[in-house]
Amino acid sequence: MMANETPLVVVVIANWNLRKDLLECLQSIYETDYTRMHVIVVDNNSTDDSVTSVKRQFPQAQLIERSENGGYAVALNDGIRAGAVLDPEFFLVLNNDTLVPPDTLGKLVEVMLSDSRIAIVAPKIVYHEHPERIFSLGDRLYSWLPLPIRIGRKAYDRPEYSKTLEFDYLFGCALLIRTDSLKQVGLFDTSFFMYYEDADLCRRMRDKGWKNVRVGSAIIRHKASLSSKLVSEKMVYLRARNRSWFYRRYRHGPHPILTFFALLLGSIKTVFTYLFTGKKSRIRPYVSGTLDGLKQPVPRLTDANWNL
């Protein structure tokens, strides 16, 4: 990149059977104020006319059609590797159920350029239907606590949430990632399929000395897990299994046994929540996923090399 040249950002959007929301997401990203951007859509073998619609309405987008649904992490890695030939400075990985205001990408890039040790910057995520409420800011680790503390979850927005703040874990529905950090640390771990692949990448970045930052002045509107509702029991299973895998892979707090008991209490609370909120069908896959995550060997980092 020449001095003072605007960095190239490759936007990678994974899609599975969310045609309407994907098109709205693409419309919002193409209305950005940012001037150097290339968009890649990776479709995970959708059956809802997503591919045809993208070709018709957004022919400028690069489209990768997968022959099977290999999961969210696989789709993102396919898009990143395809975009790498353009030698971008940054990748923006984006959920298909998000809307991106015009000034968001520029704000993220500005913060990224301010510190060469930042690996990932993320916007403040608000609920699409209730933009006064925060969906996620991030999680922070404390050496004396067995689990990280989630900051801002479902809170009403307020001025202090508009600051730029460092976190250990960022929620992955919109992440601007420095290419150099991916070359060093690797891509998303595909063994997770979906859920916790974002936390895993943030942890690997942090353990290598990179920073993960939330830019509170940049906003993204999130429609909150629409694709998960299509196969809710499978997603409940995966979230529970991957949660167990993740906390077995990475130490948190003073001792693993304390983390185990904290997770156990959280699992009991979740089961009772499902029981008393009319979601009994989720109890079996949740318990099954939790037990499998504890019994199965924690997989090694899978398909995450920069070059395969």
# chains A, B, ... in the order shown; residues from 1 in each chain; ligands from 1

call {"tool": "residues_around", "arguments": {"residues": "segment 200-203 of chain A", "least_positions_apart": "6", "cutoff": "10 Å", "atoms": "only C-alpha atoms", "output": "short mmCIF file (atom, residue, chain, number, x, y, z; two decimals) with C-alpha atoms, in the first residue's frame"}}
result
data_model
loop_
_atom_site.label_atom_id
_atom_site.label_comp_id
_atom_site.auth_asym_id
_atom_site.auth_seq_id
_atom_site.Cartn_x
_atom_site.Cartn_y
_atom_site.Cartn_z
CA ALA A 119 -5.57 -7.59 15.30
CA ILE A 120 -9.35 -7.21 15.44
CA PHE A 167 -11.61 -6.75 25.25
CA ASP A 168 -10.36 -10.32 25.39
CA TYR A 169 -13.27 -11.73 23.37
CA LEU A 170 -15.44 -10.04 20.75
CA PHE A 171 -18.70 -11.33 19.32
CA GLY A 172 -18.11 -12.41 15.74
CA LEU A 182 -4.22 -13.89 10.35
CA VAL A 185 -2.11 -16.77 14.09
CA GLY A 186 -4.23 -18.57 11.49
CA LEU A 187 -7.86 -18.51 10.40
CA PHE A 188 -11.03 -19.77 12.09
CA ASP A 189 -11.01 -23.26 13.60
CA PHE A 192 -16.37 -25.65 15.84
CA GLY A 209 0.25 -10.42 21.93
CA TRP A 210 -2.32 -8.84 19.59
CA LYS A 211 -5.16 -6.59 20.75
CA ASN A 212 -8.92 -7.04 20.26
CA PHE A 246 -13.59 -24.02 24.36
CA TYR A 247 -13.21 -23.90 28.12
CA ARG A 249 -8.96 -25.90 25.45
CA TYR A 250 -8.11 -22.62 27.19
CA LEU A 301 -6.89 -26.62 15.52
CA ALA A 304 -6.92 -22.84 10.06
#

call {"tool": "residues_around", "arguments": {"residues": "Ile149 of chain A", "least_positions_apart": "4", "cutoff": "10 Å", "atoms": "only C-alpha atoms", "output": "NGL selection string"}}
result
:A and (138-142 or 145 or 168-169)

call {"tool": "write_last_selection", "arguments": {"atoms": "C-alpha atoms", "output": "PDB file, in the first residue's frame"}}
result
ATOM      1  CA  GLY A 138     -17.279  -8.018  24.584  1.00  0.00           C
ATOM      2  CA  ASP A 139     -15.915 -10.284  27.306  1.00  0.00           C
ATOM      3  CA  ARG A 140     -13.068  -9.591  29.715  1.00  0.00           C
ATOM      4  CA  LEU A 141     -10.850 -12.078  31.515  1.00  0.00           C
ATOM      5  CA  TYR A 142      -9.875 -11.725  35.167  1.00  0.00           C
ATOM      6  CA  LEU A 145     -12.565 -15.475  38.059  1.00  0.00           C
ATOM      7  CA  ASP A 168     -10.365 -10.319  25.392  1.00  0.00           C
ATOM      8  CA  TYR A 169     -13.266 -11.734  23.367  1.00  0.00           C
TER       9      TYR A 169
END

call {"tool": "residues_around", "arguments": {"residues": "Thr32 of chain A", "least_positions_apart": "4", "cutoff": "10 Å", "atoms": "only C-alpha atoms", "output": "PDB file with C-alpha atoms, in the first residue's frame"}}
result
ATOM      1  CA  GLN A  27     -27.442  -3.373   0.116  1.00  0.00           C
ATOM      2  CA  SER A  28     -26.249  -1.776   3.346  1.00  0.00           C
ATOM      3  CA  MET A  37     -13.826  -2.571  -0.731  1.00  0.00           C
ATOM      4  CA  VAL A 100     -24.047  -1.765   8.270  1.00  0.00           C
ATOM      5  CA  PRO A 101     -24.466   2.042   8.465  1.00  0.00           C
ATOM      6  CA  PRO A 102     -22.472   4.017   5.863  1.00  0.00           C
ATOM      7  CA  ASP A 103     -19.816   5.376   8.250  1.00  0.00           C
ATOM      8  CA  THR A 104     -19.116   2.175  10.207  1.00  0.00           C
ATOM      9  CA  LEU A 105     -16.391   0.623   8.054  1.00  0.00           C
ATOM     10  CA  GLY A 106     -14.422   3.856   7.820  1.00  0.00           C
TER      11      GLY A 106
END

call {"tool": "select_by_dssp", "arguments": {"residues": "segment 30-138 of chain A", "states": "alpha helix (DSSP H)", "output": "number ranges by chain"}}
result
A: 30, 50-57, 72-83, 104-114

call {"tool": "residues_around", "arguments": {"residues": "Asp21 of chain A", "least_positions_apart": "6", "cutoff": "9 Å", "atoms": "only C-alpha atoms", "output": "PDB file with N, CA and C atoms, in the first residue's frame"}}
result
ATOM      1  N   ASN A  96     -24.739 -12.459   7.854  1.00  0.00           N
ATOM      2  CA  ASN A  96     -25.707 -12.056   6.839  1.00  0.00           C
ATOM      3  C   ASN A  96     -26.974 -11.448   7.423  1.00  0.00           C
ATOM      4  N   ASP A  97     -27.126 -11.490   8.750  1.00  0.00           N
ATOM      5  CA  ASP A  97     -28.311 -10.894   9.376  1.00  0.00           C
ATOM      6  C   ASP A  97     -27.968  -9.570  10.060  1.00  0.00           C
ATOM      7  N   THR A  98     -27.056  -8.820   9.435  1.00  0.00           N
ATOM      8  CA  THR A  98     -26.651  -7.523   9.962  1.00  0.00           C
ATOM      9  C   THR A  98     -26.913  -6.428   8.936  1.00  0.00           C
ATOM     10  N   LEU A  99     -27.010  -5.196   9.424  1.00  0.00           N
ATOM     11  CA  LEU A  99     -27.095  -4.014   8.583  1.00  0.00           C
ATOM     12  C   LEU A  99     -25.981  -3.061   8.999  1.00  0.00           C
ATOM     13  N   LYS A 223     -29.816  -8.634  13.573  1.00  0.00           N
ATOM     14  CA  LYS A 223     -31.156  -9.204  13.678  1.00  0.00           C
ATOM     15  C   LYS A 223     -31.209 -10.424  14.595  1.00  0.00           C
ATOM     16  N   LEU A 226     -31.015 -15.270  13.214  1.00  0.00           N
ATOM     17  CA  LEU A 226     -32.131 -15.757  12.401  1.00  0.00           C
ATOM     18  C   LEU A 226     -31.845 -17.134  11.820  1.00  0.00           C
TER      19      LEU A 226
END
